[in-house]
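Chemist: upload-v3.cif is the file, holding mmCIF, C-alpha atoms:
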```cif
data_data
loop_
_atom_site.group_PDB
_atom_site.id
_atom_site.type_symbol
_atom_site.label_atom_id
_atom_site.label_comp_id
_atom_site.auth_asym_id
_atom_site.auth_seq_id
_atom_site.Cartn_x
_atom_site.Cartn_y
_atom_site.Cartn_z
ATOM 1 C CA MET Q 1 98.317 9.079 -140.936
ATOM 2 C CA LYS Q 2 97.391 10.428 -137.528
ATOM 3 C CA GLN Q 3 93.665 10.690 -137.004
ATOM 4 C CA THR Q 4 92.361 14.066 -135.898
ATOM 5 C CA LYS Q 5 89.239 14.663 -133.866
ATOM 6 C CA SER Q 6 87.430 15.904 -136.954
ATOM 7 C CA ALA Q 7 88.311 12.866 -139.094
ATOM 8 C CA SER Q 8 86.380 9.663 -138.551
ATOM 9 C CA ALA Q 9 88.077 6.287 -138.872
ATOM 10 C CA GLU Q 10 86.287 5.792 -142.191
ATOM 11 C CA GLN Q 11 87.432 9.187 -143.478
ATOM 12 C CA THR Q 12 90.996 8.233 -142.597
ATOM 13 C CA ARG Q 13 90.590 4.959 -144.522
ATOM 14 C CA LEU Q 14 89.189 6.870 -147.503
ATOM 15 C CA ASP Q 15 92.065 9.355 -147.397
ATOM 16 C CA ASP Q 16 94.586 6.505 -147.234
ATOM 17 C CA ALA Q 17 92.892 4.696 -150.130
ATOM 18 C CA ASN Q 18 92.712 7.828 -152.286
ATOM 19 C CA ALA Q 19 96.365 8.660 -151.599
ATOM 20 C CA GLY Q 20 97.470 5.103 -152.420
ATOM 21 C CA ARG Q 21 98.756 4.428 -148.895
ATOM 22 C CA ALA Q 22 96.380 1.519 -148.271
ATOM 23 C CA ARG Q 23 94.284 -0.674 -150.587
ATOM 24 C CA TRP Q 24 91.005 -0.506 -148.662
ATOM 25 C CA ARG Q 25 89.015 -1.036 -151.858
ATOM 26 C CA ALA Q 26 90.953 -4.135 -152.972
ATOM 27 C CA TRP Q 27 88.346 -6.462 -151.457
ATOM 28 C CA GLY Q 28 84.648 -5.723 -151.566
ATOM 29 C CA PRO Q 29 81.283 -6.699 -153.041
ATOM 30 C CA TYR Q 30 82.423 -6.386 -156.627
ATOM 31 C CA VAL Q 31 80.534 -9.202 -158.319
ATOM 32 C CA SER Q 32 77.583 -7.641 -160.030
ATOM 33 C CA GLU Q 33 74.294 -8.072 -158.237
ATOM 34 C CA ARG Q 34 72.970 -9.285 -161.558
ATOM 35 C CA ALA Q 35 75.402 -12.208 -161.561
ATOM 36 C CA TRP Q 36 72.387 -14.499 -161.097
ATOM 37 C CA GLY Q 37 71.461 -14.050 -164.736
ATOM 38 C CA THR Q 38 74.791 -13.594 -166.440
ATOM 39 C CA VAL Q 39 76.698 -16.067 -168.500
ATOM 40 C CA ARG Q 40 80.437 -15.604 -168.276
ATOM 41 C CA GLU Q 41 81.332 -17.670 -171.324
ATOM 42 C CA ASP Q 42 79.234 -18.967 -174.216
ATOM 43 C CA TYR Q 43 79.887 -22.586 -175.198
ATOM 44 C CA SER Q 44 76.574 -23.037 -176.991
ATOM 45 C CA ALA Q 45 76.530 -24.117 -180.630
ATOM 46 C CA ASN Q 46 74.043 -21.410 -181.615
ATOM 47 C CA GLY Q 47 75.095 -18.398 -179.523
ATOM 48 C CA ASP Q 48 72.163 -18.781 -177.097
ATOM 49 C CA ALA Q 49 74.173 -18.640 -173.875
ATOM 50 C CA TRP Q 50 71.157 -17.771 -171.707
ATOM 51 C CA ASN Q 51 69.423 -21.073 -172.355
ATOM 52 C CA TYR Q 52 72.577 -23.151 -172.827
ATOM 53 C CA PHE Q 53 73.933 -22.415 -169.346
ATOM 54 C CA PRO Q 54 71.047 -22.694 -166.841
ATOM 55 C CA HIS Q 55 70.954 -21.539 -163.214
ATOM 56 C CA GLU Q 56 71.735 -25.044 -161.955
ATOM 57 C CA GLN Q 57 75.200 -24.888 -163.539
ATOM 58 C CA GLN Q 58 76.193 -21.357 -162.503
ATOM 59 C CA ARG Q 59 78.506 -21.406 -159.502
ATOM 60 C CA ILE Q 60 80.828 -18.461 -158.873
ATOM 61 C CA CYS Q 61 83.057 -16.640 -156.313
ATOM 62 C CA PHE Q 62 82.959 -16.553 -152.512
ATOM 63 C CA ALA Q 63 79.542 -17.551 -151.383
ATOM 64 C CA LEU Q 64 77.625 -18.361 -148.313
ATOM 65 C CA ALA Q 65 76.152 -21.689 -149.321
ATOM 66 C CA LEU Q 66 73.042 -22.726 -147.407
ATOM 67 C CA TRP Q 67 71.056 -25.938 -147.311
ATOM 68 C CA ASN Q 68 67.790 -26.620 -145.536
ATOM 69 C CA GLY Q 69 67.932 -30.378 -146.059
ATOM 70 C CA ARG Q 70 65.104 -30.183 -148.589
ATOM 71 C CA ASP Q 71 66.445 -28.339 -151.624
ATOM 72 C CA PRO Q 72 67.871 -30.421 -154.488
ATOM 73 C CA ILE Q 73 70.915 -28.102 -154.643
ATOM 74 C CA LEU Q 74 72.846 -25.880 -152.271
ATOM 75 C CA LYS Q 75 71.689 -22.267 -152.180
ATOM 76 C CA GLU Q 76 74.905 -20.623 -153.372
ATOM 77 C CA ARG Q 77 73.568 -17.659 -155.278
ATOM 78 C CA ALA Q 78 70.423 -15.765 -156.041
ATOM 79 C CA PHE Q 79 67.901 -17.454 -158.316
ATOM 80 C CA GLY Q 80 66.291 -15.577 -161.151
ATOM 81 C CA LEU Q 81 64.331 -16.149 -164.301
ATOM 82 C CA THR Q 82 65.907 -15.612 -167.704
ATOM 83 C CA GLY Q 83 64.277 -13.311 -170.224
ATOM 84 C CA ALA Q 84 62.448 -16.243 -171.812
ATOM 85 C CA GLU Q 85 61.211 -17.594 -168.457
ATOM 86 C CA GLY Q 86 59.790 -14.409 -166.942
ATOM 87 C CA ASN Q 87 56.536 -12.944 -168.175
ATOM 88 C CA HIS Q 88 58.169 -9.502 -167.894
ATOM 89 C CA GLY Q 89 61.684 -10.619 -168.814
ATOM 90 C CA GLU Q 90 64.551 -11.276 -166.417
ATOM 91 C CA ASP Q 91 63.381 -11.377 -162.819
ATOM 92 C CA LEU Q 92 65.145 -12.171 -159.561
ATOM 93 C CA LYS Q 93 63.117 -14.397 -157.221
ATOM 94 C CA GLU Q 94 64.778 -13.909 -153.833
ATOM 95 C CA TYR Q 95 64.480 -11.702 -150.759
ATOM 96 C CA TYR Q 96 67.694 -10.078 -149.566
ATOM 97 C CA TYR Q 97 68.699 -6.712 -148.173
ATOM 98 C CA TYR Q 98 71.872 -4.653 -147.948
ATOM 99 C CA LEU Q 99 71.597 -3.263 -144.430
ATOM 100 C CA ASP Q 100 74.819 -1.320 -143.958
ATOM 101 C CA ALA Q 101 78.147 -0.532 -145.609
ATOM 102 C CA THR Q 102 80.998 1.935 -145.477
ATOM 103 C CA PRO Q 103 82.519 3.416 -148.658
ATOM 104 C CA THR Q 104 85.763 1.441 -148.212
ATOM 105 C CA HIS Q 105 83.844 -1.769 -147.453
ATOM 106 C CA SER Q 106 85.543 -1.852 -144.058
ATOM 107 C CA TYR Q 107 82.121 -2.889 -142.767
ATOM 108 C CA MET Q 108 79.153 -4.411 -144.597
ATOM 109 C CA LYS Q 109 75.973 -6.119 -143.429
ATOM 110 C CA TYR Q 110 73.602 -8.221 -145.539
ATOM 111 C CA LEU Q 111 70.379 -10.129 -144.835
ATOM 112 C CA TYR Q 112 69.053 -13.102 -146.809
ATOM 113 C CA LYS Q 113 65.707 -14.806 -146.159
ATOM 114 C CA TYR Q 114 65.953 -18.567 -146.706
ATOM 115 C CA PRO Q 115 62.795 -20.719 -146.524
ATOM 116 C CA HIS Q 116 62.515 -23.905 -144.479
ATOM 117 C CA ALA Q 117 60.646 -25.675 -147.298
ATOM 118 C CA GLU Q 118 62.092 -26.795 -150.626
ATOM 119 C CA TYR Q 119 62.721 -23.773 -152.807
ATOM 120 C CA PRO Q 120 60.065 -23.654 -155.567
ATOM 121 C CA TYR Q 121 62.378 -23.300 -158.589
ATOM 122 C CA ALA Q 122 60.170 -25.240 -161.022
ATOM 123 C CA GLN Q 123 56.958 -23.611 -159.783
ATOM 124 C CA LEU Q 124 58.358 -20.094 -160.254
ATOM 125 C CA ILE Q 125 59.573 -20.886 -163.762
ATOM 126 C CA ALA Q 126 56.389 -22.660 -164.878
ATOM 127 C CA GLU Q 127 53.936 -20.106 -163.499
ATOM 128 C CA ASN Q 128 55.828 -17.084 -164.812
ATOM 129 C CA LYS Q 129 56.183 -18.694 -168.257
ATOM 130 C CA ARG Q 130 52.443 -19.412 -168.251
ATOM 131 C CA ARG Q 131 51.461 -15.810 -167.498
ATOM 132 C CA SER Q 132 51.094 -13.170 -170.170
ATOM 133 C CA LYS Q 133 52.857 -9.822 -170.146
ATOM 134 C CA LEU Q 134 49.538 -8.271 -169.080
ATOM 135 C CA GLU Q 135 49.445 -10.298 -165.853
ATOM 136 C CA PRO Q 136 51.453 -9.583 -162.696
ATOM 137 C CA GLU Q 137 54.629 -11.517 -162.027
ATOM 138 C CA TYR Q 138 54.372 -14.614 -159.860
ATOM 139 C CA GLU Q 139 56.548 -13.794 -156.874
ATOM 140 C CA LEU Q 140 58.231 -15.948 -154.265
ATOM 141 C CA LEU Q 141 55.743 -14.758 -151.633
ATOM 142 C CA ASP Q 142 52.889 -15.951 -153.867
ATOM 143 C CA THR Q 143 54.101 -19.545 -153.491
ATOM 144 C CA GLY Q 144 53.297 -19.563 -149.757
ATOM 145 C CA ILE Q 145 56.830 -20.631 -148.886
ATOM 146 C CA PHE Q 146 57.126 -17.950 -146.180
ATOM 147 C CA ASP Q 147 53.746 -18.666 -144.557
ATOM 148 C CA GLU Q 148 53.816 -18.826 -140.743
ATOM 149 C CA SER Q 149 57.283 -17.214 -140.851
ATOM 150 C CA ARG Q 150 58.852 -20.551 -141.787
ATOM 151 C CA TYR Q 151 62.193 -19.134 -142.878
ATOM 152 C CA PHE Q 152 65.627 -18.180 -141.614
ATOM 153 C CA ASP Q 153 67.015 -14.679 -141.444
ATOM 154 C CA VAL Q 154 70.669 -15.142 -142.361
ATOM 155 C CA PHE Q 155 72.855 -12.126 -141.610
ATOM 156 C CA VAL Q 156 76.351 -11.817 -143.048
ATOM 157 C CA GLU Q 157 78.658 -9.145 -141.658
ATOM 158 C CA TYR Q 158 82.077 -8.277 -143.062
ATOM 159 C CA ALA Q 159 84.607 -6.247 -141.078
ATOM 160 C CA LYS Q 160 88.152 -5.377 -142.078
ATOM 161 C CA ALA Q 161 90.845 -5.020 -139.439
ATOM 162 C CA SER Q 162 93.140 -3.903 -142.271
ATOM 163 C CA PRO Q 163 92.885 -3.887 -146.078
ATOM 164 C CA GLU Q 164 93.904 -7.575 -146.199
ATOM 165 C CA ASP Q 165 92.441 -8.827 -142.895
ATOM 166 C CA ILE Q 166 88.752 -9.563 -143.424
ATOM 167 C CA LEU Q 167 86.498 -11.106 -140.818
ATOM 168 C CA ILE Q 168 83.111 -12.572 -141.703
ATOM 169 C CA GLN Q 169 80.406 -13.287 -139.150
ATOM 170 C CA ILE Q 170 77.353 -15.314 -140.126
ATOM 171 C CA THR Q 171 74.306 -15.301 -137.860
ATOM 172 C CA ALA Q 172 71.116 -17.234 -138.581
ATOM 173 C CA HIS Q 173 67.768 -16.841 -136.831
ATOM 174 C CA ASN Q 174 64.924 -19.300 -137.263
ATOM 175 C CA ARG Q 175 61.790 -17.136 -137.502
ATOM 176 C CA GLY Q 176 59.389 -20.082 -137.691
ATOM 177 C CA PRO Q 177 57.425 -21.792 -134.920
ATOM 178 C CA ASP Q 178 59.327 -25.106 -135.183
ATOM 179 C CA ALA Q 179 62.928 -26.236 -135.198
ATOM 180 C CA ALA Q 180 64.310 -26.497 -138.734
ATOM 181 C CA ARG Q 181 67.525 -27.682 -140.333
ATOM 182 C CA LEU Q 182 70.042 -25.196 -141.692
ATOM 183 C CA ASP Q 183 73.515 -26.152 -142.888
ATOM 184 C CA ILE Q 184 75.805 -23.146 -143.321
ATOM 185 C CA LEU Q 185 78.765 -23.627 -145.640
ATOM 186 C CA PRO Q 186 80.988 -20.572 -146.110
ATOM 187 C CA THR Q 187 82.672 -21.331 -149.419
ATOM 188 C CA LEU Q 188 85.717 -19.742 -151.014
ATOM 189 C CA TRP Q 189 87.227 -20.845 -154.296
ATOM 190 C CA PHE Q 190 89.547 -19.445 -156.887
ATOM 191 C CA ARG Q 191 89.478 -18.762 -160.603
ATOM 192 C CA ASN Q 192 89.653 -21.695 -163.013
ATOM 193 C CA MET Q 193 93.271 -21.751 -164.192
ATOM 194 C CA TRP Q 194 93.467 -25.201 -165.752
ATOM 195 C CA SER Q 195 91.859 -24.439 -169.110
ATOM 196 C CA TRP Q 196 94.127 -21.600 -170.239
ATOM 197 C CA ASP Q 197 97.646 -20.286 -169.854
ATOM 198 C CA ALA Q 198 98.362 -19.493 -166.185
ATOM 199 C CA GLU Q 199 100.594 -16.596 -167.253
ATOM 200 C CA ASN Q 200 97.570 -14.596 -168.430
#
```
Represent the supplied structure as structure tokens.
Modeler:
Amino acid sequence: MKQTKSASAEQTRLDDANAGRARWRAWGPYVSERAWGTVREDYSANGDAWNYFPHEQQRICFALALWNGRDPILKERAFGLTGAEGNHGEDLKEYYYYLDATPTHSYMKYLYKYPHAEYPYAQLIAENKRRSKLEPEYELLDTGIFDESRYFDVFVEYAKASPEDILIQITAHNRGPDAARLDILPTLWFRNMWSWDAEN
């Protein structure tokens, strides 16, 4: 389709997607933001999937895995408390921002704040479990992990040259006063096909 002066490049992409000429929406940020607390399959004996399958075992999709050399696990996904762990129920304990996006996902920009120090998983769980529903939630900032700006700003930008040609740029800035380790591991893996019929 020839672009006119009045049609932006994004409007042309939208028109092409809506008319079925191009699959601009085939790839995008389609995993639910709440994936941190979901359980895809329940293998528990008593139907209590939330407690049977903890955060440490949940690994899904394309992810920007990060490691500061101090955490016991790679940071592959957002961490949150389950309903039983949070004093006000489920609660995400991360700082991230969606900075920009087009409707066809031809461009997207995201910011994640990753601390230099070991992520306080156990502290967040224990303190929130200890608090009553009448008390405020114990937040990541309350732990002091971001004091003196000792964290990285990790920007992830996605740009599509075409519906199937996706470029990803990762930029990290150390906001702290000292040098700090940051391993960046862009990770892509595919659906588990070995435990069921590949035809389905």
Chemist: Just so the selection is clear, what residues does the PyMOL selection byres ((chain Q and resi 119) around 12) cover here, as a ChimeraX atom specification?
Modeler: /Q:66-75,78-79,93-94,113-118,120-125,140-141,143-146,151
Chemist: Quick check, in Å to one decimal: how far apart do CA of Thr171 in chain Q and CA of Val156 in chain Q lie?
Modeler: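 Computing the Euclidean distance for CA of Thr171 in chain Q and CA of Val156 in chain Q yields 6.6 Å.
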Chemist: List, as a PDB file with C-alpha atoms, in the coordinates of the input, every residue that the PyMOL selection byres ((chain Q and resi 26) around 12) selects in the file provided.
Modeler:
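What ended up in result_16.pdb:
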```
ATOM      1  CA  ALA Q  17      92.892   4.696-150.130  1.00  0.00           C
ATOM      2  CA  GLY Q  20      97.470   5.103-152.420  1.00  0.00           C
ATOM      3  CA  ALA Q  22      96.380   1.519-148.271  1.00  0.00           C
ATOM      4  CA  ARG Q  23      94.284  -0.674-150.587  1.00  0.00           C
ATOM      5  CA  TRP Q  24      91.005  -0.506-148.662  1.00  0.00           C
ATOM      6  CA  ARG Q  25      89.015  -1.036-151.858  1.00  0.00           C
ATOM      7  CA  TRP Q  27      88.346  -6.462-151.457  1.00  0.00           C
ATOM      8  CA  GLY Q  28      84.648  -5.723-151.566  1.00  0.00           C
ATOM      9  CA  PRO Q  29      81.283  -6.699-153.041  1.00  0.00           C
ATOM     10  CA  TYR Q  30      82.423  -6.386-156.627  1.00  0.00           C
ATOM     11  CA  THR Q 104      85.763   1.441-148.212  1.00  0.00           C
ATOM     12  CA  HIS Q 105      83.844  -1.769-147.453  1.00  0.00           C
ATOM     13  CA  SER Q 106      85.543  -1.852-144.058  1.00  0.00           C
ATOM     14  CA  LYS Q 160      88.152  -5.377-142.078  1.00  0.00           C
ATOM     15  CA  SER Q 162      93.140  -3.903-142.271  1.00  0.00           C
ATOM     16  CA  PRO Q 163      92.885  -3.887-146.078  1.00  0.00           C
ATOM     17  CA  GLU Q 164      93.904  -7.575-146.199  1.00  0.00           C
ATOM     18  CA  ASP Q 165      92.441  -8.827-142.895  1.00  0.00           C
ATOM     19  CA  ILE Q 166      88.752  -9.563-143.424  1.00  0.00           C
TER      20      ILE Q 166
END
```
Chemist: Kindly indicate which residue among Q:Leu167, Q:Leu188, Q:Ala159, Q:Leu64 lies nearest to Thr102 in chain Q, using all atoms listed in the file for the distances.
Modeler: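 Under the stated criterion, the closest residue is Q:Ala159.
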Chemist: Here is a test: counting only C-alpha atoms, which residue of Q:Leu99, Q:Asp183, Q:Asp91, Q:Ile168 is nearest to Glu139 in chain Q?
Modeler: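 Among Q:Leu99, Q:Asp183, Q:Asp91, Q:Ile168, it is Q:Asp91 that comes nearest to Glu139 in chain Q.
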Chemist: Using Å and a single decimal, report how far CA of Leu185 in chain Q sits from CA of Tyr98 in chain Q.
Modeler: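 Computing it gives 20.3 Å between the two atoms.
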Chemist: Could you tell me which residues the PyMOL selection byres ((chain Q and resi 137) around 12) grabs in this file, written as an mmCIF file with C-alpha atoms, keeping the file's coordinate frame?
Modeler:
```cif
data_model
loop_
_atom_site.group_PDB
_atom_site.id
_atom_site.type_symbol
_atom_site.label_atom_id
_atom_site.label_comp_id
_atom_site.auth_asym_id
_atom_site.auth_seq_id
_atom_site.Cartn_x
_atom_site.Cartn_y
_atom_site.Cartn_z
ATOM 1 C CA LEU Q 81 64.331 -16.149 -164.301
ATOM 2 C CA GLU Q 85 61.211 -17.594 -168.457
ATOM 3 C CA GLY Q 86 59.790 -14.409 -166.942
ATOM 4 C CA ASN Q 87 56.536 -12.944 -168.175
ATOM 5 C CA HIS Q 88 58.169 -9.502 -167.894
ATOM 6 C CA GLY Q 89 61.684 -10.619 -168.814
ATOM 7 C CA GLU Q 90 64.551 -11.276 -166.417
ATOM 8 C CA ASP Q 91 63.381 -11.377 -162.819
ATOM 9 C CA LEU Q 92 65.145 -12.171 -159.561
ATOM 10 C CA LYS Q 93 63.117 -14.397 -157.221
ATOM 11 C CA LEU Q 124 58.358 -20.094 -160.254
ATOM 12 C CA ILE Q 125 59.573 -20.886 -163.762
ATOM 13 C CA ALA Q 126 56.389 -22.660 -164.878
ATOM 14 C CA GLU Q 127 53.936 -20.106 -163.499
ATOM 15 C CA ASN Q 128 55.828 -17.084 -164.812
ATOM 16 C CA LYS Q 129 56.183 -18.694 -168.257
ATOM 17 C CA ARG Q 130 52.443 -19.412 -168.251
ATOM 18 C CA ARG Q 131 51.461 -15.810 -167.498
ATOM 19 C CA SER Q 132 51.094 -13.170 -170.170
ATOM 20 C CA LYS Q 133 52.857 -9.822 -170.146
ATOM 21 C CA LEU Q 134 49.538 -8.271 -169.080
ATOM 22 C CA GLU Q 135 49.445 -10.298 -165.853
ATOM 23 C CA PRO Q 136 51.453 -9.583 -162.696
ATOM 24 C CA TYR Q 138 54.372 -14.614 -159.860
ATOM 25 C CA GLU Q 139 56.548 -13.794 -156.874
ATOM 26 C CA LEU Q 140 58.231 -15.948 -154.265
ATOM 27 C CA LEU Q 141 55.743 -14.758 -151.633
ATOM 28 C CA ASP Q 142 52.889 -15.951 -153.867
ATOM 29 C CA THR Q 143 54.101 -19.545 -153.491
#
```
Chemist: Tell me, in Å to one decimal, how far CA of Gly80 in chain Q is from CA of Tyr96 in chain Q.
Modeler: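 CA of Tyr96 in chain Q lies 12.9 Å from CA of Gly80 in chain Q.
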Chemist: Put a box with edges along x, y and z around all the listed atoms of range 93-96 of chain Q, pad it by 3 Å on each side, then give me its centre and sizes in Å, one decimal, as AutoDock Vina command-line options.
Modeler:
```
--center_x 65.4 --center_y -12.2 --center_z -153.4 --size_x 10.6 --size_y 10.3 --size_z 13.7
```
